[in-house]
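**Student:** Please find structure.tsv (TSV, C-alpha atoms) on the next line:
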```
chain	number	residue	atom	x	y	z
T	1	MET	CA	82.15	143.86	106.27
T	2	ARG	CA	83.36	146.82	104.27
T	3	LEU	CA	84.75	144.87	101.36
T	4	PHE	CA	82.77	146.82	98.76
T	5	ASN	CA	84.20	150.15	99.96
T	6	LEU	CA	87.68	148.63	100.05
T	7	LEU	CA	87.49	147.43	96.45
T	8	ALA	CA	85.94	150.62	95.14
T	9	ALA	CA	88.62	152.75	96.75
T	10	GLY	CA	91.31	150.45	95.36
T	11	CYS	CA	90.34	151.03	91.72
T	12	LEU	CA	92.51	154.14	91.57
T	13	ALA	CA	95.58	152.18	92.65
T	14	ALA	CA	95.07	149.24	90.32
T	15	VAL	CA	96.79	150.79	87.34
T	16	CYS	CA	100.05	151.35	89.16
T	17	THR	CA	100.46	147.92	90.75
T	18	VAL	CA	102.62	145.37	88.97
T	19	ALA	CA	102.44	141.71	89.98
T	20	GLN	CA	105.82	140.15	90.49
T	21	ALA	CA	105.10	136.42	90.49
T	22	GLU	CA	103.46	135.05	87.36
T	23	ALA	CA	100.78	132.47	86.72
T	24	VAL	CA	102.39	130.15	84.17
T	25	SER	CA	100.21	129.82	81.09
T	26	GLY	CA	99.95	126.52	79.26
T	27	LEU	CA	101.14	124.60	82.31
T	28	TYR	CA	99.15	121.53	81.29
T	29	GLN	CA	100.10	121.65	77.59
T	30	VAL	CA	103.26	119.74	76.71
T	31	ARG	CA	105.13	119.62	73.40
T	32	GLU	CA	107.44	116.72	72.65
T	33	PRO	CA	109.27	116.07	69.36
T	34	LEU	CA	108.33	113.02	67.35
T	35	GLU	CA	111.19	110.56	66.95
T	36	GLY	CA	109.96	108.49	64.06
T	37	GLN	CA	106.65	107.95	62.29
T	38	GLY	CA	103.45	106.12	63.06
T	39	GLY	CA	101.44	105.32	66.13
T	40	GLU	CA	104.33	103.93	68.15
T	41	ALA	CA	106.29	107.17	67.81
T	42	ARG	CA	103.23	109.18	68.91
T	43	ALA	CA	102.70	106.88	71.88
T	44	GLN	CA	106.31	107.31	72.95
T	45	ALA	CA	106.07	111.10	72.63
T	46	THR	CA	102.84	111.09	74.63
T	47	ALA	CA	104.46	109.04	77.40
T	48	LYS	CA	107.39	111.44	77.44
T	49	ALA	CA	104.93	114.35	77.69
T	50	LEU	CA	103.52	112.80	80.86
T	51	ASP	CA	107.01	112.56	82.33
T	52	THR	CA	107.63	116.23	81.48
T	53	LEU	CA	104.36	117.25	83.13
T	54	VAL	CA	105.14	115.29	86.30
T	55	LEU	CA	108.50	117.08	86.54
T	56	ARG	CA	106.79	120.45	85.95
T	57	LEU	CA	104.31	119.89	88.73
T	58	THR	CA	106.55	118.22	91.30
T	59	GLY	CA	110.11	119.31	90.56
T	60	GLU	CA	111.11	115.86	91.78
T	61	PRO	CA	112.94	113.54	89.35
T	62	LYS	CA	112.35	110.55	91.64
T	63	ALA	CA	108.60	111.01	91.16
T	64	LEU	CA	108.90	109.41	87.73
T	65	GLN	CA	109.91	106.13	89.38
T	66	SER	CA	107.05	106.17	91.88
T	67	PRO	CA	105.24	102.80	91.86
T	68	ALA	CA	102.02	104.71	92.52
T	69	LEU	CA	102.31	106.22	89.03
T	70	ALA	CA	102.81	102.91	87.22
T	71	ALA	CA	99.16	102.59	86.16
T	72	LEU	CA	99.02	106.21	85.01
T	73	ARG	CA	102.18	105.89	82.96
T	74	LYS	CA	100.82	102.72	81.38
T	75	ASP	CA	97.60	104.51	80.38
T	76	PRO	CA	98.10	108.32	80.39
T	77	GLN	CA	94.93	108.77	78.29
T	78	GLN	CA	92.88	108.83	81.50
T	79	ILE	CA	94.12	112.36	82.26
T	80	ILE	CA	94.49	113.63	78.66
T	81	ASN	CA	91.95	115.91	77.01
T	82	GLN	CA	93.42	115.76	73.53
T	83	VAL	CA	96.55	114.99	71.53
T	84	GLY	CA	97.47	117.00	68.45
T	85	SER	CA	100.41	117.58	66.14
T	86	GLU	CA	102.54	120.60	65.31
T	87	ALA	CA	104.57	121.01	62.17
T	88	GLY	CA	108.32	121.28	62.57
T	89	PRO	CA	111.06	121.38	62.48
T	90	PRO	CA	110.92	119.33	64.55
T	91	GLU	CA	107.49	117.83	64.14
T	92	SER	CA	105.99	117.55	67.60
T	93	VAL	CA	103.11	116.08	69.53
T	94	LEU	CA	101.06	118.57	71.56
T	95	VAL	CA	99.41	116.91	74.55
T	96	GLU	CA	96.77	118.77	76.53
T	97	PHE	CA	96.29	117.29	79.99
T	98	ASP	CA	93.21	117.84	82.15
T	99	PRO	CA	94.28	119.91	85.19
T	100	GLY	CA	91.76	118.50	87.65
T	101	SER	CA	92.27	114.85	86.74
T	102	THR	CA	96.04	115.29	86.68
T	103	GLU	CA	96.23	116.91	90.11
T	104	ARG	CA	93.96	114.30	91.65
T	105	ALA	CA	96.02	111.46	90.18
T	106	LEU	CA	99.31	112.92	91.41
T	107	ARG	CA	97.98	113.71	94.88
T	108	GLN	CA	96.53	110.20	95.17
T	109	ALA	CA	100.03	108.96	94.35
T	110	GLY	CA	101.27	110.92	97.37
T	111	LEU	CA	103.21	113.49	95.33
T	112	ALA	CA	103.75	117.11	96.30
T	113	LEU	CA	102.58	119.67	93.74
T	114	TRP	CA	103.77	123.10	92.65
T	115	GLY	CA	100.96	125.44	91.57
T	116	SER	CA	100.92	127.75	88.58
T	117	ASN	CA	101.92	130.86	90.56
T	118	ARG	CA	105.70	130.81	90.20
T	119	PRO	CA	108.58	133.24	90.64
T	120	SER	CA	109.39	135.28	87.56
T	121	ILE	CA	113.00	134.78	86.46
T	122	LEU	CA	115.19	137.28	84.64
T	123	GLY	CA	117.72	135.36	82.60
T	124	TRP	CA	121.19	136.79	81.93
T	125	TRP	CA	122.57	134.34	79.37
T	126	LEU	CA	125.99	134.83	77.78
T	127	ASN	CA	127.08	132.58	74.90
T	128	ASP	CA	130.76	132.20	73.99
T	129	SER	CA	131.49	130.91	70.49
T	130	VAL	CA	134.14	131.21	67.81
T	131	ASP	CA	132.45	134.43	66.75
T	132	GLY	CA	132.84	135.99	70.19
T	133	SER	CA	130.60	136.55	73.21
T	134	SER	CA	126.93	137.40	72.88
T	135	LEU	CA	124.42	138.37	75.57
T	136	ILE	CA	120.99	137.01	74.61
T	137	GLY	CA	118.35	139.70	74.70
T	138	ASP	CA	114.61	139.94	74.38
T	139	GLY	CA	113.56	139.98	70.73
T	140	GLN	CA	116.68	138.27	69.41
T	141	THR	CA	116.39	135.09	67.37
T	142	SER	CA	118.76	133.39	69.81
T	143	ALA	CA	116.22	133.98	72.59
T	144	GLU	CA	113.71	131.52	71.14
T	145	PRO	CA	115.43	128.33	72.44
T	146	LEU	CA	115.50	129.85	75.92
T	147	ARG	CA	111.79	130.68	75.79
T	148	ARG	CA	110.89	127.21	74.54
T	149	ALA	CA	112.99	125.59	77.26
T	150	ALA	CA	111.41	127.74	79.98
T	151	GLN	CA	107.93	126.91	78.72
T	152	HIS	CA	108.84	123.23	78.52
T	153	ARG	CA	109.90	123.26	82.17
T	154	GLY	CA	107.09	125.48	83.44
T	155	LEU	CA	109.11	128.59	84.29
T	156	PRO	CA	108.10	132.23	83.66
T	157	LEU	CA	111.28	133.55	82.02
T	158	ARG	CA	112.03	137.15	81.14
T	159	LEU	CA	115.05	138.37	79.21
T	160	PRO	CA	116.85	141.72	79.34
T	161	LEU	CA	117.06	144.06	76.38
T	162	ALA	CA	120.80	143.34	76.12
T	163	ASP	CA	121.59	146.94	75.25
T	164	LEU	CA	125.14	148.27	75.36
T	165	GLN	CA	125.00	149.18	79.03
T	166	GLU	CA	123.75	145.71	79.98
T	167	GLN	CA	126.39	144.04	77.81
T	168	LEU	CA	129.06	145.92	79.79
T	169	VAL	CA	127.57	144.59	83.05
T	170	ALA	CA	126.81	140.98	82.09
T	171	THR	CA	130.37	139.84	81.47
T	172	ALA	CA	131.66	136.31	82.01
T	173	SER	CA	133.31	137.31	85.30
T	174	THR	CA	130.07	138.86	86.58
T	175	LEU	CA	127.92	135.90	85.57
T	176	GLU	CA	130.28	133.42	87.19
T	177	GLY	CA	130.97	135.58	90.25
T	178	THR	CA	129.30	135.14	93.63
T	179	ASP	CA	128.27	138.79	94.06
T	180	PRO	CA	124.86	139.43	92.44
T	181	ALA	CA	124.91	143.19	93.16
T	182	PRO	CA	125.83	144.34	89.61
T	183	LEU	CA	123.12	142.15	88.07
T	184	ARG	CA	120.55	143.18	90.66
T	185	GLU	CA	121.13	146.83	89.90
T	186	ALA	CA	120.77	146.21	86.17
T	187	SER	CA	117.68	144.05	86.78
T	188	GLU	CA	115.65	146.54	88.81
T	189	ARG	CA	113.68	147.85	85.84
T	190	TYR	CA	112.43	144.36	84.95
T	191	GLY	CA	110.77	143.61	88.30
T	192	ALA	CA	111.55	139.89	88.38
T	193	ASN	CA	111.60	137.74	91.52
T	194	ALA	CA	114.76	135.79	90.71
T	195	LEU	CA	117.97	136.28	88.74
T	196	LEU	CA	119.45	133.52	86.57
T	197	ALA	CA	123.02	133.95	85.34
T	198	VAL	CA	124.34	131.53	82.72
T	199	HIS	CA	127.73	131.49	81.02
T	200	ALA	CA	127.66	129.00	78.14
T	201	HIS	CA	130.30	127.90	75.67
T	202	GLU	CA	130.89	125.22	73.07
T	203	ALA	CA	133.50	122.57	73.79
T	204	ASP	CA	134.20	119.11	72.35
T	205	GLY	CA	131.16	119.27	70.12
T	206	LYS	CA	128.78	120.03	73.02
T	207	TRP	CA	127.41	123.11	74.72
T	208	GLN	CA	128.25	123.49	78.39
T	209	GLY	CA	127.05	126.07	80.84
T	210	LYS	CA	127.62	127.22	84.40
T	211	TRP	CA	124.51	128.66	86.01
T	212	GLN	CA	123.64	130.52	89.19
T	213	LEU	CA	120.22	131.45	90.55
T	214	TRP	CA	119.48	134.10	93.16
T	215	LEU	CA	116.09	134.27	94.86
T	216	GLY	CA	116.25	136.81	97.65
T	217	ASP	CA	119.34	136.02	99.69
T	218	GLN	CA	119.40	132.38	98.62
T	219	ARG	CA	121.73	131.16	95.90
T	220	GLU	CA	121.70	127.98	93.85
T	221	GLN	CA	124.30	126.91	91.30
T	222	GLY	CA	125.20	124.09	88.98
T	223	ASN	CA	126.58	122.95	85.65
T	224	ALA	CA	124.74	121.60	82.63
T	225	GLU	CA	125.45	120.45	79.10
T	226	GLY	CA	123.61	119.58	75.91
T	227	ALA	CA	124.19	118.53	72.34
T	228	ASP	CA	123.28	122.03	71.15
T	229	GLN	CA	122.14	125.36	72.56
T	230	ALA	CA	118.50	124.27	72.76
T	231	ALA	CA	119.40	121.11	74.69
T	232	LEU	CA	121.60	123.10	77.06
T	233	ALA	CA	118.81	125.59	77.67
T	234	ASP	CA	116.42	122.76	78.51
T	235	ALA	CA	118.94	121.18	80.89
T	236	VAL	CA	119.46	124.49	82.71
T	237	MET	CA	115.73	125.18	83.02
T	238	LEU	CA	115.10	121.67	84.31
T	239	ALA	CA	117.80	122.08	86.96
T	240	VAL	CA	116.41	125.46	88.01
T	241	SER	CA	112.88	124.05	88.23
T	242	ASN	CA	114.08	121.18	90.41
T	243	ARG	CA	115.79	123.62	92.79
T	244	LEU	CA	112.83	126.01	93.04
T	245	ALA	CA	109.96	123.56	93.37
T	246	PRO	CA	110.70	122.29	96.91
T	247	ARG	CA	110.14	125.82	98.23
T	248	TYR	CA	106.59	125.98	96.95
T	249	VAL	CA	105.16	122.47	96.60
T	250	THR	CA	102.05	121.48	98.56
T	251	ARG	CA	102.86	118.25	100.35
T	252	PRO	CA	99.96	115.89	101.12
T	253	GLY	CA	99.33	115.66	104.84
T	254	ALA	CA	101.61	118.63	105.63
T	255	SER	CA	98.84	121.23	105.67
T	256	SER	CA	96.95	122.66	108.62
T	257	ASP	CA	94.17	125.19	109.09
T	258	LEU	CA	95.64	128.68	109.34
T	259	GLN	CA	94.57	132.29	109.19
T	260	VAL	CA	96.35	134.94	107.13
T	261	GLN	CA	95.86	138.64	107.73
T	262	VAL	CA	97.00	141.15	105.10
T	263	GLN	CA	97.13	144.93	105.54
T	264	GLY	CA	97.24	147.64	102.89
T	265	MET	CA	94.68	146.09	100.55
T	266	ASN	CA	93.24	147.68	97.42
T	267	LEU	CA	91.54	146.28	94.34
T	268	ALA	CA	94.73	145.23	92.58
T	269	HIS	CA	96.11	143.68	95.76
T	270	TYR	CA	92.82	141.86	96.34
T	271	ALA	CA	92.95	140.28	92.87
T	272	GLU	CA	96.62	139.32	93.21
T	273	LEU	CA	96.16	137.89	96.70
T	274	GLY	CA	93.18	135.82	95.57
T	275	ARG	CA	95.33	134.26	92.84
T	276	VAL	CA	98.21	133.54	95.25
T	277	LEU	CA	95.98	131.99	97.92
T	278	GLU	CA	93.75	130.04	95.52
T	279	PRO	CA	95.67	126.72	95.93
T	280	TYR	CA	95.09	126.92	99.69
T	281	GLY	CA	91.29	127.03	99.56
T	282	ALA	CA	91.25	130.60	100.88
T	283	ARG	CA	88.01	131.90	102.44
T	284	LEU	CA	87.58	135.56	103.32
T	285	LEU	CA	86.64	135.78	107.00
T	286	MET	CA	86.71	139.48	107.72
T	287	ALA	CA	87.39	142.85	106.12
T	288	ASP	CA	88.31	145.72	108.42
T	289	GLY	CA	89.14	148.75	106.35
T	290	ALA	CA	92.22	147.89	104.30
T	291	THR	CA	92.92	144.72	106.32
T	292	LEU	CA	91.58	141.35	105.18
T	293	THR	CA	91.67	138.09	107.11
T	294	TYR	CA	91.52	134.74	105.31
T	295	ALA	CA	91.17	131.14	106.44
T	296	VAL	CA	93.51	128.85	104.49
T	297	SER	CA	94.78	125.29	104.58
T	298	GLY	CA	98.52	125.02	104.05
T	299	ASN	CA	102.02	124.92	105.45
T	300	ARG	CA	103.32	128.06	107.17
T	301	GLU	CA	106.70	128.09	105.44
T	302	GLN	CA	105.17	127.47	102.04
T	303	LEU	CA	102.66	130.27	102.58
T	304	ARG	CA	105.49	132.59	103.54
T	305	ALA	CA	107.33	131.70	100.33
T	306	GLN	CA	104.26	132.24	98.14
T	307	LEU	CA	103.33	135.55	99.75
T	308	GLY	CA	106.93	136.66	99.42
T	309	LEU	CA	106.61	136.26	95.64
T	310	ALA	CA	103.90	138.91	95.71
T	311	ARG	CA	106.28	141.25	97.57
T	312	LEU	CA	104.34	141.12	100.82
T	313	GLN	CA	106.27	141.88	103.98
T	314	GLU	CA	105.66	139.69	107.00
T	315	LEU	CA	104.72	141.45	110.23
T	316	PRO	CA	105.63	140.22	113.71
T	317	ALA	CA	103.03	138.40	115.71
T	318	GLN	CA	100.74	140.55	117.80
T	319	PRO	CA	102.09	140.92	121.33
T	320	VAL	CA	100.07	139.30	124.04
T	321	ALA	CA	99.10	142.10	126.38
T	322	ALA	CA	98.64	141.43	130.07
T	323	THR	CA	94.95	141.62	130.97
T	324	PRO	CA	93.32	141.59	134.35
T	325	PRO	CA	91.15	138.61	135.31
T	326	VAL	CA	87.63	138.80	133.95
T	327	PRO	CA	85.04	138.79	136.76
T	328	GLU	CA	82.46	136.06	136.65
T	329	GLY	CA	79.30	137.19	134.94
T	330	SER	CA	81.13	139.66	132.72
T	331	PRO	CA	79.16	140.19	129.48
T	332	ALA	CA	82.17	139.74	127.21
T	333	ALA	CA	85.66	138.30	127.45
T	334	PRO	CA	88.60	140.34	126.14
T	335	SER	CA	89.50	139.61	122.50
T	336	LYS	CA	92.45	137.33	121.87
T	337	PRO	CA	95.45	138.54	119.81
T	338	PHE	CA	95.58	137.29	116.22
T	339	ASP	CA	97.83	134.23	116.16
T	340	GLY	CA	97.99	133.58	112.40
T	341	LEU	CA	100.39	134.91	109.77
T	342	ARG	CA	100.39	138.69	109.33
T	343	PHE	CA	101.58	140.55	106.22
T	344	ARG	CA	101.36	143.98	104.63
T	345	TRP	CA	101.84	145.33	101.10
```
As structure tokens, how would this structure be written, given the file I've shared?
**Tutor:**
Amino acid sequence: MRLFNLLAAGCLAAVCTVAQAEAVSGLYQVREPLEGQGGEARAQATAKALDTLVLRLTGEPKALQSPALAALRKDPQQIINQVGSEAGPPESVLVEFDPGSTERALRQAGLALWGSNRPSILGWWLNDSVDGSSLIGDGQTSAEPLRRAAQHRGLPLRLPLADLQEQLVATASTLEGTDPAPLREASERYGANALLAVHAHEADGKWQGKWQLWLGDQREQGNAEGADQAALADAVMLAVSNRLAPRYVTRPGASSDLQVQVQGMNLAHYAELGRVLEPYGARLLMADGATLTYAVSGNREQLRAQLGLARLQELPAQPVAATPPVPEGSPAAPSKPFDGLRFRW
């Protein structure tokens, strides 16, 4: 194999390649506010942290009622590395779960899991209040509740600069409209996988928001509310997580042995592809110039979704060429066309 030459030649291209999907950091660390004092309050916060983690990893609210999780919910310490505290406001419990033990427990319960490689989301969030409309931008104080909510729900969120030009684009009519073209044009410089548009306002003592999510040509939408802006942000991020997860979860028993061939490889692509394929037990089978072939265990549609996050373009299957019969005693049979998934950068 010529893998060494491939990687060496790719070093020059590494600096100009930007990964689109993101590996969520702190996926197995959960913060939950303490509601009260003493050991009982900490136990309740720890139990709630487990529920939050299950939702992060499955995107399935019904998973919390799974009878197979009853023993784990009764004694979550079996998958916890440590429990600490963070000063407020609000004072919180920080629970660090063990990734390996957690994944094994959830898979044994028959639950589908969503790995750490997730689509990056650019959030266009417009708040309406008595003081007027305000587009939340990166670096603003008002951005902190959105970041905390995204972290809490396991989503890699980015925010725009919210400069004057972007404020003129991200109006209420644009954010609530069904045409994402204006936002997509304004979002190009941020290189995110998905666009989230939220128009929020305060009414009857609560914050309410209408949200829309575009991932490729697919659109999701919904409404959410919360007691304050932080609660609304958490409700929106939870809804978005629940809509995204089914596209990427690994369902027990739904996997099969497959081969994936990727063209146009260089060092940066090799590192990114290894991270994307890691949940599928990828093994490098062959390197032919800038084309690598891997053996993986997974679902075809899920693999397509994950590779799409890395901006890979799927190639059509190799045509089956007509070949004459091979005479008996021939030293070698003609090679078969590759029948796995084929992609290129």
**Student:** List as a tab-separated table every residue of segment 12-73 of chain T that is in contact with segment 150-153 of chain T, defined as an atom at most 10 Å from one of its atoms (using only C-alpha atoms), together with the nearest atom pair and the distance in Å rounded to one decimal, sorted by chain and then rising number.
**Tutor:**
```
residue	atom	partner	partner_atom	distance
T:Val24	CA	T:Gln151	CA	8.4
T:Ser25	CA	T:Gln151	CA	8.6
T:Gly26	CA	T:Gln151	CA	8.0
T:Leu27	CA	T:Gln151	CA	8.0
T:Gln29	CA	T:His152	CA	8.9
T:Val30	CA	T:His152	CA	6.8
T:Arg31	CA	T:His152	CA	7.3
T:Glu32	CA	T:His152	CA	8.9
T:Ala49	CA	T:His152	CA	9.7
T:Thr52	CA	T:Arg153	CA	7.4
T:Leu53	CA	T:Arg153	CA	8.2
T:Leu55	CA	T:Arg153	CA	7.7
T:Arg56	CA	T:Arg153	CA	5.6
T:Leu57	CA	T:Arg153	CA	9.3
T:Gly59	CA	T:Arg153	CA	9.3
```
**Student:** Emit the selected residues as a compact mmCIF listing (two decimals), in the coordinates of the input, including C-alpha atoms.
**Tutor:**
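Output saved as part.txt:
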```txt
# COMPACT_ATOMS: atom_id res chain seq x y z
CA VAL T 24 102.39 130.15 84.17
CA SER T 25 100.21 129.82 81.09
CA GLY T 26 99.95 126.52 79.26
CA LEU T 27 101.14 124.60 82.31
CA GLN T 29 100.10 121.65 77.59
CA VAL T 30 103.26 119.74 76.71
CA ARG T 31 105.13 119.62 73.40
CA GLU T 32 107.44 116.72 72.65
CA ALA T 49 104.93 114.35 77.69
CA THR T 52 107.63 116.23 81.48
CA LEU T 53 104.36 117.25 83.13
CA LEU T 55 108.50 117.08 86.54
CA ARG T 56 106.79 120.45 85.95
CA LEU T 57 104.31 119.89 88.73
CA GLY T 59 110.11 119.31 90.56
```
**Student:** Looking at all atoms listed in the file, which of T:Ala268, T:Trp125, T:Asn242, T:Gly39 is the one that sits closest to Ala197 of chain T?
**Tutor:**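 Among T:Ala268, T:Trp125, T:Asn242, T:Gly39, it is T:Trp125 that comes nearest to Ala197 of chain T.
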**Student:** Grab all the atoms of segment 226-244 of chain T that the file lists, wrap them in a box along x, y and z, add 3 Å per side, and give me centre plus edge lengths in Å (one decimal) as lines of an AutoDock Vina configuration file.
**Tutor:**
```
center_x = 118.5
center_y = 122.3
center_z = 82.1
size_x = 17.4
size_y = 13.5
size_z = 27.9
```
**Student:** Between atom CA of Gly154 of chain T and atom CA of Ile79 of chain T, what is the spacing in Å?
**Tutor:**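 Separating atom CA of Ile79 of chain T from atom CA of Gly154 of chain T is a distance of 18.5 Å.
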**Student:** Quick one: residues within 7 Å of Asp138 of chain T, all atoms listed in the file, excluding same-chain residues fewer than 3 positions away - as an MDAnalysis selection string?
**Tutor:** chainID T and resid 143 159:161
**Student:** Would you work out the distance separating atom CA of Arg283 of chain T from atom CA of Ala295 of chain T, expressed in Å to one decimal?
**Tutor:**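 Separation of atom CA of Arg283 of chain T and atom CA of Ala295 of chain T: 5.2 Å.
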**Student:** Find the residues around segment 104-114 of chain T up to 9 Å (all atoms listed in the file counted), leave out those fewer than 4 positions away in its own chain, and share them as a ChimeraX atom specification.
**Tutor:** /T:54,56-60,63,66-69,72,79,99-100,118,245-252
**Student:** Please produce an output containing C-alpha atoms for each residue in the selection, written as a compact mmCIF listing (two decimals), keeping the file's coordinate frame.
**Tutor:**
```
# COMPACT_ATOMS: atom_id res chain seq x y z
CA VAL T 54 105.14 115.29 86.30
CA ARG T 56 106.79 120.45 85.95
CA LEU T 57 104.31 119.89 88.73
CA THR T 58 106.55 118.22 91.30
CA GLY T 59 110.11 119.31 90.56
CA GLU T 60 111.11 115.86 91.78
CA ALA T 63 108.60 111.01 91.16
CA SER T 66 107.05 106.17 91.88
CA PRO T 67 105.24 102.80 91.86
CA ALA T 68 102.02 104.71 92.52
CA LEU T 69 102.31 106.22 89.03
CA LEU T 72 99.02 106.21 85.01
CA ILE T 79 94.12 112.36 82.26
CA PRO T 99 94.28 119.91 85.19
CA GLY T 100 91.76 118.50 87.65
CA ARG T 118 105.70 130.81 90.20
CA ALA T 245 109.96 123.56 93.37
CA PRO T 246 110.70 122.29 96.91
CA ARG T 247 110.14 125.82 98.23
CA TYR T 248 106.59 125.98 96.95
CA VAL T 249 105.16 122.47 96.60
CA THR T 250 102.05 121.48 98.56
CA ARG T 251 102.86 118.25 100.35
CA PRO T 252 99.96 115.89 101.12
```
**Student:** Would you give me, as CSV, each residue of segment 35-139 of chain T having an atom within 6 Å of an atom of segment 199-205 of chain T, along with its shortest atom pair and that distance in Å to one decimal, using all atoms listed in the file and sorting by chain and residue number?
**Tutor:**
```
residue,atom,partner,partner_atom,distance
T:Leu126,CA,T:His199,CA,5.0
T:Asn127,CA,T:Ala200,CA,4.9
T:Asp128,CA,T:His201,CA,4.6
```
**Student:** Would you compute the distance between atom CA of Ala47 of chain T and atom CA of Ser92 of chain T? Give it in Å to one decimal.
**Tutor:**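 Result for atom CA of Ala47 of chain T versus atom CA of Ser92 of chain T: 13.1 Å, one decimal.
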